[in-house]
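Down below is the structure, laid out as structure tokens.
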Amino acid sequence: MMKIVSGIFFALTLIASPWALAGDATAGQAKTAACVACHASDGNSPAPNFPKLAGQGEKYLYKQLQDIKSGDRAVPEMTGILDPLTDQDLQDIAAFYADQTMQLSGAKEEKLALGEEIYRAGNLETGVPACIGCHSPSGNGNAPAGYPALGGQYAQYIAKQLRAFRTAAHDPDDPAGRSNDGDTMVMRGAAARLTDQEIDAVANFIAGLN
């Protein structure tokens, strides 16, 4: 039995250790000079049109940086910014922001009940899955799996991303869509059936999660 337990622990260590050691947060801080204008020095963006990066999972951040640099995720505001950076630079930047603490945005009172219902239970009638399966009941995400933390993020930004995933689900060629959720299309599948009212409500609820 001890051999089995030890084997499992060793396997998990092999899986986890590259992500624990790949990025250098101290080195990453020095490489974020171009990021400060939009995301602030600690990753807590002062404007809702730019996402908060502080406290986000390192694996998720690294993938997004890779996708933006390669063009798999179109972010016009970041065009060319990542081009001179190496893969190690991206890992270091991801490690730095993952090491920061996200500041809570807070939710508005309207449609909180609907937002909570969508987040915790989805919509069985239309086939919308609950958000907690990937993003956790508290909105902390699943860092080892690469599922982003959402709690405390700006509602406007979350709503924008949900609409982008929904657009890509219905029209893959639409440049306004977002499709870098992998071959399983987890987010595109979830967002495809969300109404505008549901998107705004769940985004608002998420902004108050911590």
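How things are named: the first chain in the structure tokens is A, the next is B, and so on; residues count from 1 in each chain; ligands count from 1 in the order shown.
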For this session: Might you pull out every residue within 8 Å of region 124-128 of chain A, with only C-alpha atoms counted and same-chain residues fewer than 5 positions away left off, and present them as a ChimeraX atom specification?
Result: /A:118,190-191,193-194
Exercise. DSSP says strand (DSSP E or B) for which residues of region 27-153 of chain A? Put them as a PyMOL selection string?
Worked result: chain A and resi 123+128+142+147
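Using only C-alpha atoms, the nearest neighbour of Asp89 (chain A) within the list A:Ile199, A:Ile206, A:Asp67, A:Gly28 is A:Gly28.
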For this session: Mind giving me the straight-line distance from CA of Ala201 (chain A) to CA of Leu53 (chain A) in Å, one decimal?
Result: 22.1 Å
For this session: Could you give me, as a ChimeraX atom specification, each residue of region 41-203 of chain A that DSSP assigns to alpha helix (DSSP H) when run on this structure's backbone?
Result: /A:58-70,87-98,112-121,132-135,155-170,186-191,196-203
Find the residues near His39 (chain A): any atom within 7 Å, counting only C-alpha atoms, skip ones fewer than 4 places away on the same chain, and give them as a PDB file with C-alpha atoms, in the first residue's frame.
ATOM      1  CA  CYS A  35       2.305  45.680 -18.770  1.00  0.00           C
ATOM      2  CA  GLY A  43      -1.631  43.140 -11.839  1.00  0.00           C
ATOM      3  CA  ASN A  44      -4.742  44.833 -10.425  1.00  0.00           C
ATOM      4  CA  SER A  45      -5.860  46.770 -13.475  1.00  0.00           C
ATOM      5  CA  PHE A  50      -8.320  45.415 -18.924  1.00  0.00           C
ATOM      6  CA  LYS A  52      -6.861  41.823 -13.402  1.00  0.00           C
TER       7      LYS A  52
END
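Comparing the minimum interatomic distances between Ala25 (chain A) and each of A:Cys38, A:Ile93, A:Leu104, A:Ala47, counting only C-alpha atoms, we find that A:Ile93 sits nearest.
Nearest residue to Leu112 (chain A) among A:Gly208, A:Gly80, A:Gly139, A:Gly57 is A:Gly208, counting only C-alpha atoms.
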Quick one: residues within 10 Å of Gly141 (chain A), only C-alpha atoms, excluding same-chain residues fewer than 4 positions away - as a compact mmCIF listing (two decimals) with C-alpha atoms, in the first residue's frame?
# COMPACT_ATOMS: atom_id res chain seq x y z
CA GLN A 56 -4.36 34.25 -11.52
CA GLY A 57 -3.01 30.71 -11.92
CA TYR A 60 -3.43 29.70 -17.16
CA CYS A 131 -19.48 27.37 -13.56
CA ILE A 132 -18.37 25.85 -10.26
CA GLY A 133 -17.23 22.63 -11.94
CA CYS A 134 -14.13 24.34 -13.34
CA HIS A 135 -13.92 27.62 -11.45
CA SER A 136 -14.74 26.35 -7.92
CA PRO A 137 -17.58 27.49 -5.61
CA ALA A 145 -5.62 22.22 -14.36
CA GLY A 146 -5.21 25.65 -15.92
CA TYR A 147 -8.77 26.82 -15.17
CA PRO A 148 -8.73 30.53 -14.38
CA ALA A 149 -9.72 32.19 -11.14
CA LEU A 150 -12.71 34.45 -11.74
CA GLY A 151 -13.72 35.73 -8.32
Problem set entry | Atomic distance CA of Lys59 (chain A) - CA of Met185 (chain A), expressed in Å with one decimal | 18.2 Å
Seminar exercise, completed: Using only C-alpha atoms, the residue out of A:Ser105, A:Gln91, A:Thr86, A:Thr79 with shortest distance to Tyr154 (chain A) is A:Ser105
Exercise. Taking only C-alpha atoms into account, which of A:Asp72, A:Asp83, A:Asp200, A:Glu110 comes nearest Asn180 (chain A)?
Worked result: A:Asp72
